[in-house]
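K.L.:
Take a look at this one; I'll ask things after.
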Protein chains: 2
Amino acid sequence: MNAIAASTNRKVNVPLGDRAYDILIGPGLIARAGAEIAARLKGRKAAIITDENVGPLYLNALVESLTASGIASSALVLPAGEKTKSFEHLMTACDKVLEARIERNDCVIALGGGVIGDLSGFVAGIVRRGVRFVQIPTSLLSQVDSSVGGKTGINSRHGKNLIGVFHQADLVLADTDVLNTLSEREFRAGYAEVAKYGLIDKPDFFAWLEANWQSVFSGGAARIEAIAASCQAKSDVVVADEHENSQRALLNLGHTFGHALEAATAYDSSRLVHGEGVAIGMVLAHEFSARMNLASPDDAKRVERHLREVGLPTRMSEIPGILPPAEVLMDAIAQDKKVKGGQLTFILTRGIGQSFVANDVPASEVLSFLKEKHPQ
Amino acid sequence: MNAIAASTNRKVNVPLGDRAYDILIGPGLIARAGAEIAARLKGRKAAIITDENVGPLYLNALVESLTASGIASSALVLPAGEKTKSFEHLMTACDKVLEARIERNDCVIALGGGVIGDLSGFVAGIVRRGVRFVQIPTSLLSQVDSSVGGKTGINSRHGKNLIGVFHQADLVLADTDVLNTLSEREFRAGYAEVAKYGLIDKPDFFAWLEANWQSVFSGGAARIEAIAASCQAKSDVVVADEHENSQRALLNLGHTFGHALEAATAYDSSRLVHGEGVAIGMVLAHEFSARMNLASPDDAKRVERHLREVGLPTRMSEIPGILPPAEVLMDAIAQDKKVKGGQLTFILTRGIGQSFVANDVPASEVLSFLKEKHPQ
Ligand SMILES: NC(=O)c1ccc[n+]([C@@H]2O[C@H](COP(=O)([O-])OP(=O)(O)OC[C@H]3O[C@@H](n4cnc5c(N)ncnc54)[C@H](O)[C@@H]3O)[C@@H](O)[C@H]2O)c1
Ligand SMILES: NC(=O)c1ccc[n+]([C@@H]2O[C@H](COP(=O)([O-])OP(=O)(O)OC[C@H]3O[C@@H](n4cnc5c(N)ncnc54)[C@H](O)[C@@H]3O)[C@@H](O)[C@H]2O)c1
Ligand SMILES: [Zn+2]
Ligand SMILES: [Zn+2]
């Protein structure tokens, strides 16, 4: 059983020199977590951080697996949701990890989605100025995006993810079985980020998704393949620009508009979750690129068709409730991005899989585009 | 005037590759801070963090100097003292720095002793996952020790400095004029760390201090020389082992006993400040080395003679109030260091300037030594 599971697993290595690490992707990985960790880390103690949705489902299996490999563990179960990325929970978690007497070679394990991953990675980065860190991402978004690349952090009242460190994981275990308990809405939201990698610079991957998305949604080999391709894509970008001085910004395709929409809906996940904002944002980025005569309008239509087909929203008008006027959305964009001399940095595109970082996008063009798309 | 000041300044470079930085040492540096920062950093915004003792004395001069060089600044004045290295003040400071809209190329400036330096460096390391950091250390201890080497952090109820990051400064300005307002007791405490560098591996420097300590205390060229030599010594160790995997531990000479005494006096600075604990601890480390037949007892006597001469305590019996019994001190040591199979890691010595990391010190020997030194 374990042997079969292992043989269907995929491995993506993130080659960051002496901080290189493996991402294992496939079924049954929680059951094998103890063995995989014991094979890589010297310490025999782990502090698990999880949330109230994921803990009841998978914590026992993880603890059992660790125990079987001689790793003693403690667990902290935090509330689920974005609000957990706060100073208050950071403090609680640091205290818990110190109480468990985690030393440099022991590890913090994040068992959950991106919220738990971002918080736990930050904890692992600052307790004793850095201990080992293992990610067990359980949402699709965290498996294909947040668990790779070392960005960790919490939110501030001044904005999202404004406080944190770069702290790479030592191992990522993306157990694809656990996605079966994820809500369909959250799965779809994560899928927006999968599609994003195609749209950034992998037109063939995007075409493959158009043909195979149903198999990705239903599980099995296509799902593993899509997750592995996404991790590989993210790894490539991260390795080229770990600290986001240049090309890593491409990962923000669709995110400038998306973040503005998240802010405009006050991060109320009943109205909009991150991946949905990204889906709408990617369509807008392609439409705006067409408007700037950079890409064909047909590309924007193709992007929209696919995202709509999988069930993602693609239009601002699909967001329930009232959106603020274009000027307010524009303010949110300007805050996120800093306007320099009336110009913004934006991820634009010349077509499917041909995104680029544009440093000179006129704010006035963005505003009139938004007014067109979202007339009051 | 500025030209004269500049000519008496010393510069120590910490050659850490693309994170290399200068330590400038000498009079008049606060007045020149704006110019020195503007010459090195791209940003034109600074968030100053200081404490209630240092702020009233030097904040105005610093702000003026920054303004004159086109650097806009905001300031946060925190309570003085070790308790300020807490999560609560970390949160307040992060918020203040974000409110000041500090971006990656702008800087956080620490204006104060090691407490302000450790907290501010941590803030600079985590706001936006790292912004620029300038140290203006104002205590002797912070000028010769804490401002160099990138260790930052706060305390936890589980122990001192348990939460933090490595975040190197971009510039250190050690203005030797400001030491004139430091209490004599704090100056002496900082001097213990200066002497430490001689005792670690610079016997000639220790001999020079024995001959010149009075000039170091009275100010002028000898003081600048002693500070520069100390920064150079610390820089050498840090460059060889930035993240304390091996030789950086030598900097803990005298600190194992010292920390135990600080814990035993509940970090009550009216009874013992850190440098005083280190002074007593260094004498104990030399005596214990003699007892283990590693060094001559004459060396311990020579260390004690010099530290006593400058006015530092050298005996546990000099600490006001009642000390707990040897067994309790031993527990504190064991907690600090971890006992593995009854053995401790300790910094011992073969004589003046011949310290080394010993990994196999029998805990039982340390305990009987402590009982001898501190009979109940
Ligand atoms: N660090 C990075 O590089 C990076 C990149 C992208 C996003 N992020 C961050 O990731 C976060 C979003 O991540 P997310 O979408 O995973 O959010 P999340 O962690 O809140 O998870 C979404 C919801 O699904 C639940 N859940 C997760 N796995 C489950 C499972 N297997 N079964 C049942 N329920 C499950 C969670 O409890 C939660 O309610 C945001 O905070 C975002 O800022 C970080
Ligand atoms: N990061 C490191 O590598 C490192 C190394 C050694 C010590 N430390 C830390 O440094 C701290 C101790 O530093 P410290 O001794 O500077 O303590 P401190 O910052 O508390 O300063 C001592 C006292 O002197 C006052 N003061 C400072 N400069 C003054 C001046 N010019 N005039 C008048 N008053 C002044 C302060 O307000 C304070 O009351 C500890 O928290 C210790 O853990 C860190
Ligand atoms: Zn995203
Ligand atoms: Zn010290």
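Lettering and numbering for the structure tokens are positional, with chains as A, B, ... in the shown order, residues counted from 1 in each chain, and ligands counted from 1 in the shown order.
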At a cut-off of 10 Å, list the chain A residues touching chain B, using only C-alpha atoms, as a ChimeraX atom specification.
P.N.:
/A:87-88,90-91,94-95,98-99,101,122-130,151-154,156-159,161-167,243
K.L.:
As a ChimeraX atom specification, please: the residues near Asp360 in chain A (cut-off 8 Å, only C-alpha atoms, same-chain neighbours under 5 positions excluded).
P.N.:
/A:343-345
K.L.:
Report the residues of range 128-220 of chain B whose backbone DSSP state falls under strand (DSSP E or B), written as number ranges by chain.
P.N.:
B: 132-137, 151, 154-156, 159-163, 166, 171-175
K.L.:
Please determine, counting only C-alpha atoms and all ligand atoms, which residue among A:Ser218, A:Ser120, A:Gln143, A:Gln135 has the shortest atom-to-atom distance to ligand 3.
P.N.:
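For ligand 3, the nearest of the candidates is A:Gln143.
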K.L.:
Could you give me, as a list in words, every polymer residue with an atom at most 8 Å away from an atom of ligand 3, counting only C-alpha atoms and all ligand atoms?
P.N.:
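The residues within 8 Å of ligand 3, counting only C-alpha atoms and all ligand atoms, are Leu141, Asp145, Ser146, Glu193, Leu251, Asn252, His255, His274, Gly275 and Val278 of chain A.
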K.L.:
Do you know which residues are within 6 Å of ligand 1 using only C-alpha atoms and all ligand atoms? Can you write them as a PDB file with N, CA and C atoms, in the first residue's frame?
P.N.:
ATOM      1  N   ASP A  51      -5.582  24.183  11.846  1.00  0.00           N
ATOM      2  CA  ASP A  51      -6.770  24.985  12.163  1.00  0.00           C
ATOM      3  C   ASP A  51      -7.958  24.088  12.512  1.00  0.00           C
ATOM      4  N   ASN A  53     -10.727  23.451  11.125  1.00  0.00           N
ATOM      5  CA  ASN A  53     -11.341  22.598  10.098  1.00  0.00           C
ATOM      6  C   ASN A  53     -10.463  21.391   9.785  1.00  0.00           C
ATOM      7  N   VAL A  54      -9.175  21.643   9.651  1.00  0.00           N
ATOM      8  CA  VAL A  54      -8.250  20.609   9.191  1.00  0.00           C
ATOM      9  C   VAL A  54      -7.837  19.678  10.340  1.00  0.00           C
ATOM     10  N   ALA A  80      -9.927  28.821  12.047  1.00  0.00           N
ATOM     11  CA  ALA A  80      -9.712  28.853  10.601  1.00  0.00           C
ATOM     12  C   ALA A  80      -9.999  30.256  10.081  1.00  0.00           C
ATOM     13  N   GLY A  81      -9.293  30.627   9.017  1.00  0.00           N
ATOM     14  CA  GLY A  81      -9.610  31.891   8.351  1.00  0.00           C
ATOM     15  C   GLY A  81      -8.506  32.926   8.406  1.00  0.00           C
ATOM     16  N   GLU A  82      -8.614  33.870   7.505  1.00  0.00           N
ATOM     17  CA  GLU A  82      -7.582  34.893   7.294  1.00  0.00           C
ATOM     18  C   GLU A  82      -7.220  35.669   8.563  1.00  0.00           C
ATOM     19  N   GLY A 112      -2.377  22.563   7.087  1.00  0.00           N
ATOM     20  CA  GLY A 112      -3.538  23.378   6.759  1.00  0.00           C
ATOM     21  C   GLY A 112      -3.356  24.107   5.448  1.00  0.00           C
ATOM     22  N   GLY A 113      -4.212  25.088   5.221  1.00  0.00           N
ATOM     23  CA  GLY A 113      -4.139  25.877   4.000  1.00  0.00           C
ATOM     24  C   GLY A 113      -3.093  26.979   4.103  1.00  0.00           C
ATOM     25  N   GLY A 114      -3.202  27.956   3.224  1.00  0.00           N
ATOM     26  CA  GLY A 114      -2.216  29.034   3.164  1.00  0.00           C
ATOM     27  C   GLY A 114      -2.155  29.876   4.425  1.00  0.00           C
ATOM     28  N   VAL A 115      -3.273  29.995   5.109  1.00  0.00           N
ATOM     29  CA  VAL A 115      -3.279  30.781   6.344  1.00  0.00           C
ATOM     30  C   VAL A 115      -2.369  30.135   7.379  1.00  0.00           C
ATOM     31  N   ILE A 116      -2.564  28.853   7.609  1.00  0.00           N
ATOM     32  CA  ILE A 116      -1.739  28.126   8.577  1.00  0.00           C
ATOM     33  C   ILE A 116      -0.289  28.071   8.088  1.00  0.00           C
ATOM     34  N   ASP A 118       1.359  30.256   6.130  1.00  0.00           N
ATOM     35  CA  ASP A 118       2.019  31.563   6.249  1.00  0.00           C
ATOM     36  C   ASP A 118       2.365  31.887   7.701  1.00  0.00           C
ATOM     37  N   THR A 138      -2.919  21.675   2.765  1.00  0.00           N
ATOM     38  CA  THR A 138      -4.125  20.856   2.592  1.00  0.00           C
ATOM     39  C   THR A 138      -5.156  21.467   1.661  1.00  0.00           C
ATOM     40  N   SER A 139      -4.975  22.724   1.266  1.00  0.00           N
ATOM     41  CA  SER A 139      -5.886  23.299   0.270  1.00  0.00           C
ATOM     42  C   SER A 139      -5.169  23.259  -1.073  1.00  0.00           C
ATOM     43  N   LEU A 141      -4.913  25.693  -3.162  1.00  0.00           N
ATOM     44  CA  LEU A 141      -4.118  26.914  -3.264  1.00  0.00           C
ATOM     45  C   LEU A 141      -2.777  26.767  -2.554  1.00  0.00           C
ATOM     46  N   SER A 142      -2.780  26.208  -1.366  1.00  0.00           N
ATOM     47  CA  SER A 142      -1.513  26.088  -0.644  1.00  0.00           C
ATOM     48  C   SER A 142      -0.608  25.033  -1.277  1.00  0.00           C
ATOM     49  N   ASP A 145       0.794  26.891  -4.491  1.00  0.00           N
ATOM     50  CA  ASP A 145       1.271  28.264  -4.444  1.00  0.00           C
ATOM     51  C   ASP A 145       1.958  28.601  -3.121  1.00  0.00           C
ATOM     52  N   SER A 146       1.163  28.762  -2.052  1.00  0.00           N
ATOM     53  CA  SER A 146       1.732  29.362  -0.851  1.00  0.00           C
ATOM     54  C   SER A 146       2.786  28.508  -0.154  1.00  0.00           C
ATOM     55  N   LYS A 151       7.866  32.579   1.265  1.00  0.00           N
ATOM     56  CA  LYS A 151       7.234  33.795   1.800  1.00  0.00           C
ATOM     57  C   LYS A 151       6.347  33.399   2.964  1.00  0.00           C
ATOM     58  N   THR A 152       6.544  34.044   4.100  1.00  0.00           N
ATOM     59  CA  THR A 152       5.715  33.766   5.268  1.00  0.00           C
ATOM     60  C   THR A 152       5.255  35.095   5.832  1.00  0.00           C
ATOM     61  N   VAL A 178      -6.168  14.625   0.623  1.00  0.00           N
ATOM     62  CA  VAL A 178      -6.892  15.519   1.541  1.00  0.00           C
ATOM     63  C   VAL A 178      -7.747  16.530   0.781  1.00  0.00           C
ATOM     64  N   LEU A 179      -7.466  16.707  -0.498  1.00  0.00           N
ATOM     65  CA  LEU A 179      -8.256  17.677  -1.263  1.00  0.00           C
ATOM     66  C   LEU A 179      -9.710  17.231  -1.399  1.00  0.00           C
ATOM     67  N   THR A 181     -11.730  16.544   0.888  1.00  0.00           N
ATOM     68  CA  THR A 181     -12.617  17.161   1.890  1.00  0.00           C
ATOM     69  C   THR A 181     -12.687  18.677   1.737  1.00  0.00           C
ATOM     70  N   LEU A 182     -11.932  19.210   0.808  1.00  0.00           N
ATOM     71  CA  LEU A 182     -11.958  20.659   0.586  1.00  0.00           C
ATOM     72  C   LEU A 182     -13.258  21.011  -0.135  1.00  0.00           C
TER      73      LEU A 182
END
K.L.:
Using the chain letters and numbers from this document, which residues of range 138-297 of chain B does DSSP assign to alpha helix (DSSP H), as a PyMOL selection string?
P.N.:
chain B and resi 140-141+184-201+203-218+221-240+255-264+274-291+297
K.L.:
What does the distance from CA of Ala290 in chain B to CA of Thr256 in chain B come to in Å, to one decimal?
P.N.:
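The value is 16.8 Å.
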K.L.:
How many Å separate atom 35 (C, counted along the ligand's line) of ligand 2 from CA of Ser183 in chain B?
P.N.:
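Separation of atom 35 (C, counted along the ligand's line) of ligand 2 and CA of Ser183 in chain B: 7.2 Å.
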K.L.:
Do a neighbour search on Val357 in chain B at 12 Å with only C-alpha atoms, toss out local chain neighbours closer than 6 positions, and write the hits as a ChimeraX atom specification.
P.N.:
/B:200,245-254,285,289,344-350
K.L.:
Name all residues at most 7 Å from Asp106 in chain A (count only C-alpha atoms; drop same-chain ones fewer than 2 positions away) and give them as a list of chain:residue names.
P.N.:
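So, after excluding close chain neighbours, the residues are A:Gly43, A:Arg44, A:Lys45, A:Ala46, A:Ile102, A:Glu103, A:Arg104, A:Val131, A:Arg132.
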K.L.:
How would the residues just picked look written out with N, CA and C atoms as a short mmCIF file (atom, residue, chain, number, x, y, z; two decimals), in the first residue's frame?
P.N.:
data_model
loop_
_atom_site.label_atom_id
_atom_site.label_comp_id
_atom_site.auth_asym_id
_atom_site.auth_seq_id
_atom_site.Cartn_x
_atom_site.Cartn_y
_atom_site.Cartn_z
N GLY A 43 16.36 16.46 14.03
CA GLY A 43 15.58 16.56 15.26
C GLY A 43 14.52 15.48 15.38
N ARG A 44 14.11 15.18 16.59
CA ARG A 44 13.07 14.17 16.81
C ARG A 44 11.90 14.77 17.57
N LYS A 45 11.72 16.10 17.38
CA LYS A 45 10.57 16.78 17.99
C LYS A 45 9.90 17.65 16.95
N ALA A 46 8.57 17.72 17.01
CA ALA A 46 7.82 18.54 16.06
C ALA A 46 6.69 19.27 16.78
N ILE A 102 11.22 23.08 21.15
CA ILE A 102 11.72 22.87 19.80
C ILE A 102 13.07 23.59 19.67
N GLU A 103 14.08 22.83 19.22
CA GLU A 103 15.41 23.42 19.01
C GLU A 103 15.64 23.57 17.51
N ARG A 104 16.80 24.14 17.16
CA ARG A 104 17.10 24.43 15.76
C ARG A 104 16.86 23.29 14.78
N VAL A 131 14.01 27.71 13.06
CA VAL A 131 14.06 26.25 13.24
C VAL A 131 13.58 25.63 11.94
N ARG A 132 13.61 24.30 11.86
CA ARG A 132 13.20 23.61 10.64
C ARG A 132 11.70 23.76 10.42
#
K.L.:
Between A:Val148, A:Ile352, A:Ile37, A:Val108, which is the closest to Lys196 in chain A once you count only C-alpha atoms?
P.N.:
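Ranked by minimum distance to Lys196 in chain A, first place goes to A:Ile352.
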K.L.:
Would you pick out the contacts of Lys373 in chain B at 10 Å or less, using only C-alpha atoms, so that residues sharing its chain but fewer than 4 positions from it are not included, and give the list as a count of residues only?
P.N.:
9
